[in-house]
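Shown here: final.txt, compact mmCIF, C-alpha atoms and all ligand atoms.
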```txt
# COMPACT_ATOMS: atom_id res chain seq x y z
CA MET A 37 26.31 105.06 -53.21
CA ALA A 38 26.31 104.78 -57.04
CA PHE A 39 23.47 107.32 -57.08
CA VAL A 40 25.45 109.80 -54.92
CA VAL A 41 28.47 109.44 -57.23
CA LYS A 42 26.23 110.03 -60.29
CA VAL A 43 24.73 113.17 -58.70
CA LEU A 44 28.21 114.51 -57.84
CA VAL A 45 29.54 113.82 -61.36
CA CYS A 46 26.45 115.48 -62.82
CA CYS A 47 26.84 118.59 -60.60
CA PHE A 48 30.52 118.82 -61.48
CA LEU A 49 29.77 118.62 -65.22
CA LEU A 50 26.96 121.17 -64.96
CA SER A 51 29.09 123.63 -63.01
CA GLY A 52 31.77 123.24 -65.68
CA LEU A 53 29.22 123.94 -68.42
CA PHE A 54 27.46 126.90 -66.84
CA GLY A 55 30.14 128.33 -64.55
CA SER A 56 29.83 128.67 -60.79
CA ASP A 57 27.42 131.02 -59.04
CA GLU A 58 29.67 131.03 -56.02
CA TYR A 59 31.55 134.26 -55.36
CA ASP A 60 35.04 132.90 -54.76
CA ALA A 61 38.30 134.88 -54.89
CA GLU A 62 38.84 134.29 -58.65
CA LYS A 63 35.31 135.36 -59.51
CA ILE A 64 35.58 138.51 -57.39
CA ALA A 65 38.97 139.34 -58.94
CA ASP A 66 37.32 138.94 -62.38
CA ILE A 67 34.52 141.31 -61.31
CA PHE A 68 37.07 143.95 -60.23
CA TYR A 69 38.90 143.63 -63.56
CA THR A 70 35.66 143.88 -65.56
CA LEU A 71 34.56 146.94 -63.58
CA ASN A 72 37.83 148.84 -63.07
CA GLY A 73 40.33 147.22 -65.48
CA ASP A 74 42.27 149.41 -67.89
CA SER A 75 43.98 147.52 -70.72
CA SER A 76 46.35 150.46 -71.25
CA ASP A 77 47.65 150.01 -67.69
CA PRO A 78 47.54 146.31 -66.68
CA HIS A 79 50.02 146.95 -63.83
CA LYS A 80 47.64 149.25 -61.92
CA LYS A 81 46.12 148.19 -58.58
CA ILE A 82 42.54 147.19 -59.38
CA ASN A 83 40.82 148.43 -56.22
CA HIS A 84 41.84 151.43 -54.09
CA ALA A 85 43.92 152.35 -57.14
CA LYS A 86 44.60 155.98 -56.28
CA GLY A 87 46.97 156.44 -53.40
CA PHE A 88 50.35 157.58 -52.19
CA CYS A 89 52.99 156.40 -49.77
CA ALA A 90 54.44 157.71 -46.54
CA THR A 91 56.70 156.54 -43.72
CA GLY A 92 56.88 157.15 -40.02
CA GLU A 93 57.16 155.46 -36.66
CA PHE A 94 54.82 153.78 -34.21
CA PHE A 95 55.42 154.29 -30.48
CA PRO A 96 53.76 151.51 -28.43
CA ASN A 97 52.13 152.16 -25.06
CA LYS A 98 54.56 150.90 -22.40
CA SER A 99 51.86 149.50 -20.14
CA LEU A 100 49.81 147.44 -22.60
CA SER A 101 47.77 144.57 -21.18
CA ILE A 102 48.03 142.40 -24.33
CA ASP A 103 50.89 139.98 -25.02
CA VAL A 104 52.14 141.06 -28.44
CA PRO A 105 55.99 140.90 -28.45
CA LEU A 106 56.19 143.30 -31.45
CA LEU A 107 54.68 146.02 -29.24
CA LYS A 108 57.39 145.64 -26.58
CA LYS A 109 59.78 147.69 -28.74
CA ASP A 110 60.45 151.36 -27.97
CA TYR A 111 59.40 152.28 -31.49
CA ILE A 112 58.59 150.46 -34.75
CA ASN A 113 59.24 151.67 -38.31
CA ALA A 114 55.99 152.20 -40.20
CA GLU A 115 55.06 152.27 -43.89
CA VAL A 116 51.74 153.82 -44.84
CA ARG A 117 49.67 153.81 -48.03
CA TYR A 118 46.77 156.27 -48.08
CA SER A 119 44.14 155.47 -50.73
CA LEU A 120 40.69 156.32 -52.05
CA GLY A 121 38.02 153.58 -52.00
CA GLY A 122 37.21 151.55 -55.13
CA ALA A 123 38.14 153.20 -58.41
CA LEU A 124 37.65 156.76 -57.14
CA LEU A 125 40.04 159.30 -58.61
CA ASP A 126 38.75 162.50 -57.00
CA ASP A 127 39.84 163.20 -53.41
CA ARG A 128 36.62 165.17 -52.83
CA SER A 129 34.99 161.83 -51.93
CA LYS A 130 34.28 160.07 -48.65
CA VAL A 131 35.59 156.50 -48.49
CA ARG A 132 39.31 156.21 -47.78
CA GLY A 133 41.78 153.47 -47.00
CA MET A 134 44.93 153.25 -44.97
CA ALA A 135 47.30 150.31 -45.34
CA LEU A 136 49.86 150.28 -42.56
CA ARG A 137 52.86 148.03 -42.11
CA LEU A 138 54.64 147.98 -38.76
CA LEU A 139 58.13 146.61 -39.42
CA GLY A 140 59.66 145.30 -36.23
CA GLY A 141 62.60 143.36 -37.73
CA ASP A 142 61.82 139.88 -36.46
CA SER A 143 58.05 140.51 -36.50
CA GLN A 144 55.62 142.68 -38.46
CA TRP A 145 51.94 143.62 -38.62
CA THR A 146 49.99 144.74 -41.69
CA MET A 147 46.69 146.54 -41.09
CA VAL A 148 44.40 147.37 -44.01
CA MET A 149 41.66 149.73 -42.86
CA LEU A 150 38.87 151.98 -44.03
CA ASN A 151 37.60 155.25 -42.53
CA THR A 152 34.34 153.49 -41.60
CA GLU A 153 33.58 151.22 -38.62
CA ILE A 154 31.63 148.79 -40.82
CA ASN A 155 31.66 147.74 -44.47
CA PHE A 156 28.91 147.12 -47.02
CA ALA A 157 28.91 143.31 -47.21
CA LYS A 158 28.87 140.53 -44.65
CA ASN A 159 29.63 137.57 -46.92
CA PRO A 160 31.23 136.77 -50.29
CA GLN A 161 27.89 136.82 -52.14
CA GLU A 162 27.02 140.34 -50.93
CA PHE A 163 30.55 141.56 -51.57
CA GLY A 164 30.66 140.18 -55.13
CA GLN A 165 27.16 141.38 -55.98
CA PHE A 166 27.93 144.91 -54.68
CA PHE A 167 30.53 145.38 -57.44
CA GLU A 168 28.98 143.10 -60.06
CA MET A 169 25.73 145.12 -60.15
CA ARG A 170 27.80 148.20 -61.11
CA ILE A 171 29.22 146.57 -64.28
CA PRO A 172 27.57 148.19 -67.35
CA VAL A 173 25.34 145.88 -69.40
CA ASN A 174 25.37 146.75 -73.13
CA GLY A 175 27.23 149.92 -72.22
CA LYS A 176 24.69 151.04 -69.62
CA VAL A 177 24.88 150.97 -65.82
CA ASP A 178 21.65 149.51 -64.45
CA THR A 179 20.95 152.28 -61.93
CA LYS A 180 17.46 150.88 -61.20
CA LYS A 181 18.92 147.53 -60.14
CA ILE A 182 21.56 149.27 -57.99
CA ALA A 183 18.88 151.40 -56.28
CA LYS A 184 16.62 148.34 -55.74
CA LEU A 185 19.33 146.16 -54.21
CA THR A 186 20.70 149.02 -52.13
CA LYS A 187 17.24 149.30 -50.59
CA GLU A 188 16.66 145.56 -50.22
CA VAL A 189 20.00 144.29 -48.89
CA ASP A 190 20.42 145.31 -45.23
CA SER A 191 24.22 145.55 -45.48
CA TYR A 192 24.13 147.90 -48.48
CA ARG A 193 21.32 150.03 -47.01
CA ASN A 194 23.01 150.32 -43.61
CA PHE A 195 26.36 151.23 -45.14
CA GLU A 196 24.76 153.89 -47.30
CA ALA A 197 23.00 155.33 -44.24
CA TYR A 198 26.31 155.25 -42.32
CA THR A 199 28.32 157.06 -45.03
CA SER A 200 25.54 159.60 -45.61
CA LYS A 201 26.30 160.91 -42.10
CA MET A 202 30.00 161.30 -42.91
CA GLY A 203 31.63 164.24 -44.60
CA ILE A 204 34.81 164.74 -46.60
CA SER A 205 37.93 165.16 -44.50
CA LYS A 206 41.64 165.87 -44.77
CA LEU A 207 43.97 163.04 -43.69
CA GLU A 208 44.81 164.71 -40.37
CA ASN A 209 41.09 164.59 -39.52
CA THR A 210 40.29 161.03 -40.69
CA SER A 211 40.03 157.96 -38.45
CA TYR A 212 40.71 154.42 -39.70
CA HIS A 213 39.10 151.18 -38.53
CA SER A 214 39.86 147.44 -38.69
CA ILE A 215 36.17 146.58 -39.33
CA HIS A 216 37.05 142.91 -38.72
CA THR A 217 37.28 141.68 -35.12
CA PHE A 218 40.72 140.24 -34.29
CA MET A 219 41.68 138.12 -31.26
CA PHE A 220 44.26 139.45 -28.78
CA ASP A 221 46.37 137.37 -26.40
CA LYS A 222 46.25 138.20 -22.70
CA GLY A 223 48.07 135.58 -20.65
CA GLY A 224 47.19 132.79 -23.10
CA LYS A 225 43.49 133.68 -23.39
CA PHE A 226 42.36 135.43 -26.59
CA TYR A 227 39.95 138.40 -26.43
CA PRO A 228 37.94 139.78 -29.37
CA ALA A 229 38.54 143.42 -30.26
CA ARG A 230 38.46 145.77 -33.22
CA PHE A 231 41.12 148.46 -33.61
CA LYS A 232 41.03 152.06 -34.73
CA PHE A 233 43.41 154.94 -35.43
CA VAL A 234 42.08 158.25 -34.16
CA PRO A 235 43.70 161.45 -35.49
CA LYS A 236 45.25 163.65 -32.77
CA ASP A 237 43.64 166.67 -34.47
CA GLY A 238 40.19 165.11 -34.11
CA ILE A 239 37.70 163.92 -36.73
CA LYS A 240 36.48 166.94 -38.69
CA TYR A 241 34.60 167.36 -41.95
CA LEU A 242 35.26 170.11 -44.45
CA SER A 243 32.58 172.73 -45.12
CA GLU A 244 31.13 173.14 -48.62
CA ASP A 245 33.09 176.40 -49.00
CA GLU A 246 36.33 174.68 -48.00
CA ILE A 247 35.68 171.82 -50.44
CA ALA A 248 34.99 174.30 -53.25
CA ASN A 249 38.55 175.61 -52.82
CA LEU A 250 40.15 172.16 -53.04
CA ASP A 251 41.08 170.19 -56.14
CA LYS A 252 40.82 166.48 -56.91
CA ASP A 253 44.35 165.87 -55.57
CA PHE A 254 44.09 167.86 -52.36
CA LEU A 255 44.92 164.95 -50.05
CA LEU A 256 48.53 164.82 -51.16
CA SER A 257 49.09 168.59 -51.26
CA THR A 258 47.53 169.20 -47.83
CA PHE A 259 49.40 166.18 -46.42
CA GLN A 260 52.70 167.59 -47.68
CA SER A 261 52.11 171.04 -46.22
CA TYR A 262 51.05 169.46 -42.90
CA ILE A 263 54.12 167.25 -42.50
CA ALA A 264 56.43 170.12 -43.52
CA LYS A 265 55.61 171.47 -40.03
CA LYS A 266 55.08 168.36 -37.86
CA PRO A 267 54.27 164.64 -38.19
CA MET A 268 50.64 163.63 -38.67
CA GLU A 269 49.67 161.65 -35.56
CA TYR A 270 47.09 158.98 -34.87
CA ASP A 271 46.41 157.22 -31.55
CA MET A 272 45.66 153.52 -31.92
CA TYR A 273 43.03 151.93 -29.65
CA LEU A 274 41.68 148.43 -29.18
CA VAL A 275 37.90 148.43 -28.80
CA TYR A 276 36.97 145.31 -26.83
CA ALA A 277 33.75 143.48 -27.73
CA ASN A 278 30.90 143.60 -25.24
CA ASP A 279 29.20 140.25 -24.54
CA ASN A 280 26.32 141.06 -26.92
CA ASP A 281 28.47 142.35 -29.84
CA VAL A 282 28.53 140.36 -33.06
CA ILE A 283 32.16 139.50 -33.75
CA ASN A 284 31.88 137.52 -36.99
CA ASP A 285 30.09 140.15 -39.10
CA THR A 286 31.92 143.14 -40.61
CA THR A 287 28.61 144.98 -41.13
CA ALA A 288 27.68 144.87 -37.43
CA LEU A 289 27.99 148.28 -35.80
CA TRP A 290 28.95 148.05 -32.12
CA GLU A 291 26.68 150.52 -30.36
CA GLY A 292 27.14 152.13 -26.94
CA GLU A 293 30.00 152.17 -24.43
CA HIS A 294 33.02 149.91 -24.97
CA LYS A 295 36.18 149.20 -23.05
CA GLU A 296 39.07 150.73 -25.00
CA GLU A 297 42.82 150.33 -24.58
CA TYR A 298 45.40 152.78 -25.91
CA VAL A 299 47.92 150.78 -28.00
CA GLY A 300 50.32 153.50 -29.12
CA THR A 301 50.81 156.48 -31.40
CA LEU A 302 51.57 156.46 -35.12
CA LYS A 303 53.59 159.46 -36.33
CA VAL A 304 53.56 159.78 -40.10
CA ALA A 305 56.49 162.02 -40.92
CA LYS A 306 57.64 161.66 -44.54
CA TYR A 307 56.13 161.51 -48.00
CA ALA A 308 57.46 158.43 -49.82
CA GLY A 309 56.27 158.90 -53.41
CA ASP A 310 54.07 156.41 -55.20
CA ASP A 311 56.21 153.26 -55.43
CA CYS A 312 54.03 151.48 -52.87
CA ASN A 313 51.02 151.77 -55.20
CA GLY A 314 52.02 148.46 -56.76
CA ASP A 315 52.63 146.72 -53.42
CA VAL A 316 50.20 144.33 -51.83
CA TYR A 317 49.13 144.46 -48.18
CA PHE A 318 47.84 141.23 -46.66
CA PRO A 319 45.66 141.72 -43.55
CA SER A 320 46.60 138.13 -42.61
CA ASP A 321 50.17 139.32 -41.92
CA LEU A 322 49.79 139.33 -38.13
CA PRO A 323 52.32 139.36 -35.29
CA LEU A 324 52.50 136.78 -32.51
CA GLY A 325 49.72 137.49 -30.01
CA VAL A 326 47.15 138.61 -32.61
CA ASN A 327 44.93 135.93 -34.16
CA PRO A 328 42.83 136.35 -37.32
CA PRO A 329 39.11 137.19 -37.33
CA ASN A 330 36.49 134.52 -37.68
CA ASP A 331 34.17 136.03 -40.31
CA PRO A 332 33.25 134.88 -43.84
CA LEU A 333 35.24 137.64 -45.60
CA PHE A 334 38.71 137.59 -44.06
CA ASP A 335 40.24 134.55 -45.82
CA LEU A 336 38.54 135.42 -49.10
CA ARG A 337 39.94 138.93 -48.85
CA ASN A 338 43.51 137.73 -48.43
CA THR A 339 43.24 135.21 -51.28
CA THR A 340 41.78 137.89 -53.58
CA TYR A 341 44.62 140.34 -52.77
CA GLY A 342 47.10 137.60 -53.77
CA ILE A 343 45.28 137.05 -57.08
CA THR A 344 45.04 140.75 -58.04
CA PHE A 345 48.67 141.34 -57.04
CA GLY A 346 49.66 138.36 -59.23
CA ARG A 347 47.61 139.59 -62.19
CA ARG A 348 49.20 143.04 -62.27
CA GLN A 349 52.81 141.75 -62.47
C1 LIG A 401 36.48 144.82 -43.99
C2 LIG A 401 36.83 144.46 -45.16
C3 LIG A 401 37.75 145.22 -46.08
C4 LIG A 401 38.49 146.37 -45.91
C5 LIG A 401 38.61 147.22 -44.67
C6 LIG A 401 39.21 146.61 -47.14
C7 LIG A 401 40.09 147.65 -47.38
C8 LIG A 401 40.95 147.74 -48.44
C9 LIG A 401 41.99 148.71 -48.60
C10 LIG A 401 42.32 149.84 -47.63
C11 LIG A 401 42.64 148.44 -49.76
C12 LIG A 401 43.84 149.18 -50.34
C13 LIG A 401 45.09 148.58 -49.78
C14 LIG A 401 46.30 149.25 -50.38
O1 LIG A 401 46.60 150.39 -50.01
O2 LIG A 401 46.94 148.65 -51.27
C15 LIG A 401 42.00 147.31 -50.36
C16 LIG A 401 42.38 146.75 -51.55
C17 LIG A 401 41.70 145.74 -52.15
N1 LIG A 401 40.55 145.13 -51.66
FE1 LIG A 401 39.76 145.34 -49.83
N2 LIG A 401 38.90 145.62 -48.02
C18 LIG A 401 38.00 144.76 -47.42
C19 LIG A 401 37.45 143.63 -47.93
C20 LIG A 401 37.73 143.15 -49.17
C21 LIG A 401 37.22 141.91 -49.70
C22 LIG A 401 36.31 140.95 -48.94
C23 LIG A 401 37.71 141.81 -50.97
C24 LIG A 401 37.49 140.73 -51.98
C25 LIG A 401 36.99 139.57 -51.73
C26 LIG A 401 38.53 142.96 -51.23
C27 LIG A 401 39.19 143.24 -52.40
C28 LIG A 401 40.21 144.14 -52.55
C29 LIG A 401 41.15 144.13 -53.66
C30 LIG A 401 41.11 143.23 -54.88
C31 LIG A 401 42.09 145.14 -53.39
C32 LIG A 401 43.32 145.47 -54.21
C33 LIG A 401 44.43 144.57 -53.64
C34 LIG A 401 45.72 144.67 -54.43
O3 LIG A 401 45.69 144.28 -55.60
O4 LIG A 401 46.76 145.11 -53.89
N3 LIG A 401 38.53 143.76 -50.11
N4 LIG A 401 40.98 146.89 -49.54
```
Have the structure of the file written as structure tokens, please.
Amino acid sequence: MAFVVKVLVCCFLLSGLFGSDEYDAEKIADIFYTLNGDSSDPHKKINHAKGFCATGEFFPNKSLSIDVPLLKKDYINAEVRYSLGGALLDDRSKVRGMALRLLGGDSQWTMVMLNTEINFAKNPQEFGQFFEMRIPVNGKVDTKKIAKLTKEVDSYRNFEAYTSKMGISKLENTSYHSIHTFMFDKGGKFYPARFKFVPKDGIKYLSEDEIANLDKDFLLSTFQSYIAKKPMEYDMYLVYANDNDVINDTTALWEGEHKEEYVGTLKVAKYAGDDCNGDVYFPSDLPLGVNPPNDPLFDLRNTTYGITFGRRQ
């Protein structure tokens, strides 16, 4: 017993002296600030920094099989934040985010999605390392290390292969995905499913000629001209897990046929400026009938969002 206590005290002292190798929420927040921080603008969002805000309404499917009281309403007010991934500032890039808040009065649901079905890291270590390896050392980005790890780590390699097949799209042609697998209540039993928002206009990529005629801020200008005529619409679907699908790994692509259920239609109708750029969106903000995912990133993600939101106040 005395030996165990000595070992524990020793480990505690050593970790205090040398810091922790563990990628926890604080350490990952530090990595984001080292990589993307801007001392002239400490109030800026540190990841997915470029974005704009919009509002609209969500119209739930009347004959849904899941028991989510929020979705029993005729329509639900929606707040949207469209963003670029990471610290990207040029819209002529691929990875996009959509944060969506369905505000049902007594109940709400925040969804924080990317335009990919999978992400690039399955656990905190991979996630932290993905950004940490991009931090310049003595003023230089170690491109050799990035290339080596991108080849060696399955999650990074698979994500790169996945995004290499994507193109650059306008918002009316971009789909958004939960990536995590959530649990949905049907008569007291919970079923695993991912969700996605599919644009009514279909997923389409811009040609090189079209991209050449667009500037680095084209997402906002094309969004504004689109909604001047009609709302931008997305159909939301649940994609139910097959028996052999991995449900606790955000890098696992679900291949083949899946049972899908139409959940409702999001109509994004108004531009709402950039005030929401400072807001925080917690994916753990779930309505009754939807339970959180069981993967190693979800809790860490929510804690980190709380830390970075706190730091920019
Ligand atoms: C499947 C996993 C993930 C997805 C789909 C995702 C997506 C997003 C999106 C769309 C945003 C922008 C939200 C907004 O508009 O404000 C965002 C922000 C952010 N993400 Fe993630 N993310 C994921 C995992 C993670 C993880 C695991 C971490 C860290 C451990 C992380 C760290 C951050 C941070 C620090 C922000 C800025 C939050 C703020 O200060 O408001 N993300 N993420």
Considering all atoms listed in the file, give me a table of residues in segment 97-149 of chain A that are at most 6 Å from segment 318-335 of chain A, with the closest atom pair and distance in Å for each, as JSON lines.
```
{"residue": "A:Asp103", "atom": "CA", "partner": "A:Gly325", "partner_atom": "CA", "distance": 5.7}
{"residue": "A:Val104", "atom": "CA", "partner": "A:Gly325", "partner_atom": "CA", "distance": 4.6}
{"residue": "A:Ser143", "atom": "CA", "partner": "A:Pro323", "partner_atom": "CA", "distance": 6.0}
{"residue": "A:Gln144", "atom": "CA", "partner": "A:Pro323", "partner_atom": "CA", "distance": 5.7}
{"residue": "A:Trp145", "atom": "CA", "partner": "A:Leu322", "partner_atom": "CA", "distance": 4.8}
{"residue": "A:Thr146", "atom": "CA", "partner": "A:Asp321", "partner_atom": "CA", "distance": 5.4}
{"residue": "A:Met147", "atom": "CA", "partner": "A:Pro319", "partner_atom": "CA", "distance": 5.5}
{"residue": "A:Val148", "atom": "CA", "partner": "A:Pro319", "partner_atom": "CA", "distance": 5.8}
```
Can those selected residues be exported to a file as a PDB file, keeping the file's coordinate frame so that it contains C-alpha atoms?
```
ATOM      1  CA  ASP A 103      50.890 139.980 -25.020  1.00  0.00           C
ATOM      2  CA  VAL A 104      52.140 141.060 -28.440  1.00  0.00           C
ATOM      3  CA  SER A 143      58.050 140.510 -36.500  1.00  0.00           C
ATOM      4  CA  GLN A 144      55.620 142.680 -38.460  1.00  0.00           C
ATOM      5  CA  TRP A 145      51.940 143.620 -38.620  1.00  0.00           C
ATOM      6  CA  THR A 146      49.990 144.740 -41.690  1.00  0.00           C
ATOM      7  CA  MET A 147      46.690 146.540 -41.090  1.00  0.00           C
ATOM      8  CA  VAL A 148      44.400 147.370 -44.010  1.00  0.00           C
TER       9      VAL A 148
END
```
Mind giving me the straight-line distance from atom CA of Gly292 of chain A to atom CA of Tyr276 of chain A in Å, one decimal?
->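 For atom CA of Gly292 of chain A relative to atom CA of Tyr276 of chain A, the distance reads 12.0 Å.
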So which residues are near ligand LIG 401 (chain A), meaning at most 7 Å away with only C-alpha atoms and all ligand atoms counted, given back as an NGL selection string?
-> :A and (61 or 64-65 or 68 or 81-84 or 87 or 117-119 or 133-135 or 148-150 or 155 or 160 or 163 or 214-216 or 286 or 313-317 or 333-334 or 336-337 or 340-341 or 344-345)
Have a look at A:Gln165, A:Thr217, A:Thr258, A:Ser191 and name the one nearest to Ile67 of chain A; count only C-alpha atoms.
->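 Of A:Gln165, A:Thr217, A:Thr258, A:Ser191, the one nearest Ile67 of chain A is A:Gln165, counting only C-alpha atoms.
One finds atom CA of Tyr262 of chain A at 11.6 Å from atom CA of Asn209 of chain A.
In this comparison, which uses all atoms listed in the file, the residue of A:Leu136, A:Leu250, A:Ile204, A:Val282 approaching Lys232 of chain A most closely is A:Leu136.
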Distance query Tyr69 of chain A at most 12 Å, all atoms listed in the file, self and fewer than 3 positions along chain excluded, as a PyMOL selection string = chain A and resi 62-66+72-75+77-83+85+122-123+167-168+171+340+343-345+347-348
Preceding selection exported with C-alpha atoms as a tab-separated table (two decimals), in the coordinates of the input:
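Ended up saving to part-v8.tsv:
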```tsv
chain	number	residue	atom	x	y	z
A	62	GLU	CA	38.84	134.29	-58.65
A	63	LYS	CA	35.31	135.36	-59.51
A	64	ILE	CA	35.58	138.51	-57.39
A	65	ALA	CA	38.97	139.34	-58.94
A	66	ASP	CA	37.32	138.94	-62.38
A	72	ASN	CA	37.83	148.84	-63.07
A	73	GLY	CA	40.33	147.22	-65.48
A	74	ASP	CA	42.27	149.41	-67.89
A	75	SER	CA	43.98	147.52	-70.72
A	77	ASP	CA	47.65	150.01	-67.69
A	78	PRO	CA	47.54	146.31	-66.68
A	79	HIS	CA	50.02	146.95	-63.83
A	80	LYS	CA	47.64	149.25	-61.92
A	81	LYS	CA	46.12	148.19	-58.58
A	82	ILE	CA	42.54	147.19	-59.38
A	83	ASN	CA	40.82	148.43	-56.22
A	85	ALA	CA	43.92	152.35	-57.14
A	122	GLY	CA	37.21	151.55	-55.13
A	123	ALA	CA	38.14	153.20	-58.41
A	167	PHE	CA	30.53	145.38	-57.44
A	168	GLU	CA	28.98	143.10	-60.06
A	171	ILE	CA	29.22	146.57	-64.28
A	340	THR	CA	41.78	137.89	-53.58
A	343	ILE	CA	45.28	137.05	-57.08
A	344	THR	CA	45.04	140.75	-58.04
A	345	PHE	CA	48.67	141.34	-57.04
A	347	ARG	CA	47.61	139.59	-62.19
A	348	ARG	CA	49.20	143.04	-62.27
```
Between atom CA of Glu93 of chain A and atom CA of Leu139 of chain A, measure the distance and give it in Å to one decimal.
-> 9.3 Å
Using only C-alpha atoms, find each residue of segment 136-250 of chain A with at least one atom at most 6 Å away from an atom of segment 105-114 of chain A; report its shortest atom-to-atom pair and that distance in Å (one decimal), sort the rows by chain and rising residue number, and return the result as CSV.
```
residue,atom,partner,partner_atom,distance
A:Arg137,CA,A:Ala114,CA,5.6
A:Leu138,CA,A:Ala114,CA,4.7
A:Leu139,CA,A:Asn113,CA,5.3
A:Gly140,CA,A:Ile112,CA,5.5
```
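Taking all atoms listed in the file into account, the polymer residues that have an atom no farther than 9 Å from (30.7, 143.7, -35.6) are Glu153, Ile154, Ile215, His216, Thr217, Arg230, Ala277, Asp281, Val282, Ile283, Asn284, Asp285, Thr286, Thr287, Ala288, Leu289 and Trp290 of chain A.
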Using all atoms listed in the file, the shortest atom-to-atom distance to Ser243 of chain A among A:Val275, A:Met202, A:Val131, A:Ala264 belongs to A:Met202
Taking only C-alpha atoms into account, which of A:Val304, A:Lys236, A:Asp251, A:Tyr241 comes nearest Lys265 of chain A?
-> A:Val304
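Proximity ranking of A:Glu208, A:Gly309, A:Arg193, A:Ser99 relative to Lys266 of chain A places A:Glu208 first, based on all atoms listed in the file.
Here the question is which of A:Lys222, A:Arg128, A:Lys158, A:Lys184 gets nearest to Leu242 of chain A using only C-alpha atoms, and that residue is A:Arg128.
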Fill-in result for segment 85-101 of chain A, N, CA and C atoms as a PDB file, in the frame of the given file:
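Wrote rebuild_4.pdb, looks like this:
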```pdb
ATOM      1  N   ALA A  85      42.820 152.118 -56.208  1.00  0.00           N
ATOM      2  CA  ALA A  85      43.920 152.350 -57.140  1.00  0.00           C
ATOM      3  C   ALA A  85      44.663 153.654 -56.871  1.00  0.00           C
ATOM      4  N   LYS A  86      43.925 154.697 -56.487  1.00  0.00           N
ATOM      5  CA  LYS A  86      44.600 155.980 -56.280  1.00  0.00           C
ATOM      6  C   LYS A  86      45.131 156.072 -54.852  1.00  0.00           C
ATOM      7  N   GLY A  87      46.417 156.341 -54.748  1.00  0.00           N
ATOM      8  CA  GLY A  87      46.970 156.440 -53.400  1.00  0.00           C
ATOM      9  C   GLY A  87      48.390 156.965 -53.444  1.00  0.00           C
ATOM     10  N   PHE A  88      48.942 157.199 -52.267  1.00  0.00           N
ATOM     11  CA  PHE A  88      50.350 157.580 -52.190  1.00  0.00           C
ATOM     12  C   PHE A  88      50.955 157.012 -50.904  1.00  0.00           C
ATOM     13  N   CYS A  89      52.272 157.121 -50.817  1.00  0.00           N
ATOM     14  CA  CYS A  89      52.990 156.400 -49.770  1.00  0.00           C
ATOM     15  C   CYS A  89      53.653 157.361 -48.775  1.00  0.00           C
ATOM     16  N   ALA A  90      53.805 156.903 -47.574  1.00  0.00           N
ATOM     17  CA  ALA A  90      54.440 157.710 -46.540  1.00  0.00           C
ATOM     18  C   ALA A  90      55.147 156.784 -45.556  1.00  0.00           C
ATOM     19  N   THR A  91      56.036 157.350 -44.750  1.00  0.00           N
ATOM     20  CA  THR A  91      56.700 156.540 -43.720  1.00  0.00           C
ATOM     21  C   THR A  91      56.644 157.290 -42.390  1.00  0.00           C
ATOM     22  N   GLY A  92      56.885 156.540 -41.340  1.00  0.00           N
ATOM     23  CA  GLY A  92      56.880 157.150 -40.020  1.00  0.00           C
ATOM     24  C   GLY A  92      57.284 156.133 -38.974  1.00  0.00           C
ATOM     25  N   GLU A  93      56.828 156.364 -37.769  1.00  0.00           N
ATOM     26  CA  GLU A  93      57.160 155.460 -36.660  1.00  0.00           C
ATOM     27  C   GLU A  93      55.945 155.265 -35.779  1.00  0.00           C
ATOM     28  N   PHE A  94      55.902 154.075 -35.157  1.00  0.00           N
ATOM     29  CA  PHE A  94      54.820 153.780 -34.210  1.00  0.00           C
ATOM     30  C   PHE A  94      55.454 153.627 -32.828  1.00  0.00           C
ATOM     31  N   PHE A  95      54.893 154.335 -31.851  1.00  0.00           N
ATOM     32  CA  PHE A  95      55.420 154.290 -30.480  1.00  0.00           C
ATOM     33  C   PHE A  95      54.410 153.562 -29.593  1.00  0.00           C
ATOM     34  N   PRO A  96      54.723 152.287 -29.223  1.00  0.00           N
ATOM     35  CA  PRO A  96      53.760 151.510 -28.430  1.00  0.00           C
ATOM     36  C   PRO A  96      53.613 152.037 -27.002  1.00  0.00           C
ATOM     37  N   ASN A  97      52.411 151.882 -26.470  1.00  0.00           N
ATOM     38  CA  ASN A  97      52.130 152.160 -25.060  1.00  0.00           C
ATOM     39  C   ASN A  97      52.973 151.193 -24.213  1.00  0.00           C
ATOM     40  N   LYS A  98      53.661 151.727 -23.214  1.00  0.00           N
ATOM     41  CA  LYS A  98      54.560 150.900 -22.400  1.00  0.00           C
ATOM     42  C   LYS A  98      53.815 149.988 -21.428  1.00  0.00           C
ATOM     43  N   SER A  99      52.557 150.323 -21.136  1.00  0.00           N
ATOM     44  CA  SER A  99      51.860 149.500 -20.140  1.00  0.00           C
ATOM     45  C   SER A  99      50.645 148.783 -20.754  1.00  0.00           C
ATOM     46  N   LEU A 100      50.887 148.161 -21.911  1.00  0.00           N
ATOM     47  CA  LEU A 100      49.810 147.440 -22.600  1.00  0.00           C
ATOM     48  C   LEU A 100      49.452 146.152 -21.855  1.00  0.00           C
ATOM     49  N   SER A 101      48.167 145.799 -21.885  1.00  0.00           N
ATOM     50  CA  SER A 101      47.770 144.570 -21.180  1.00  0.00           C
ATOM     51  C   SER A 101      47.864 143.347 -22.095  1.00  0.00           C
TER      52      SER A 101
END
```
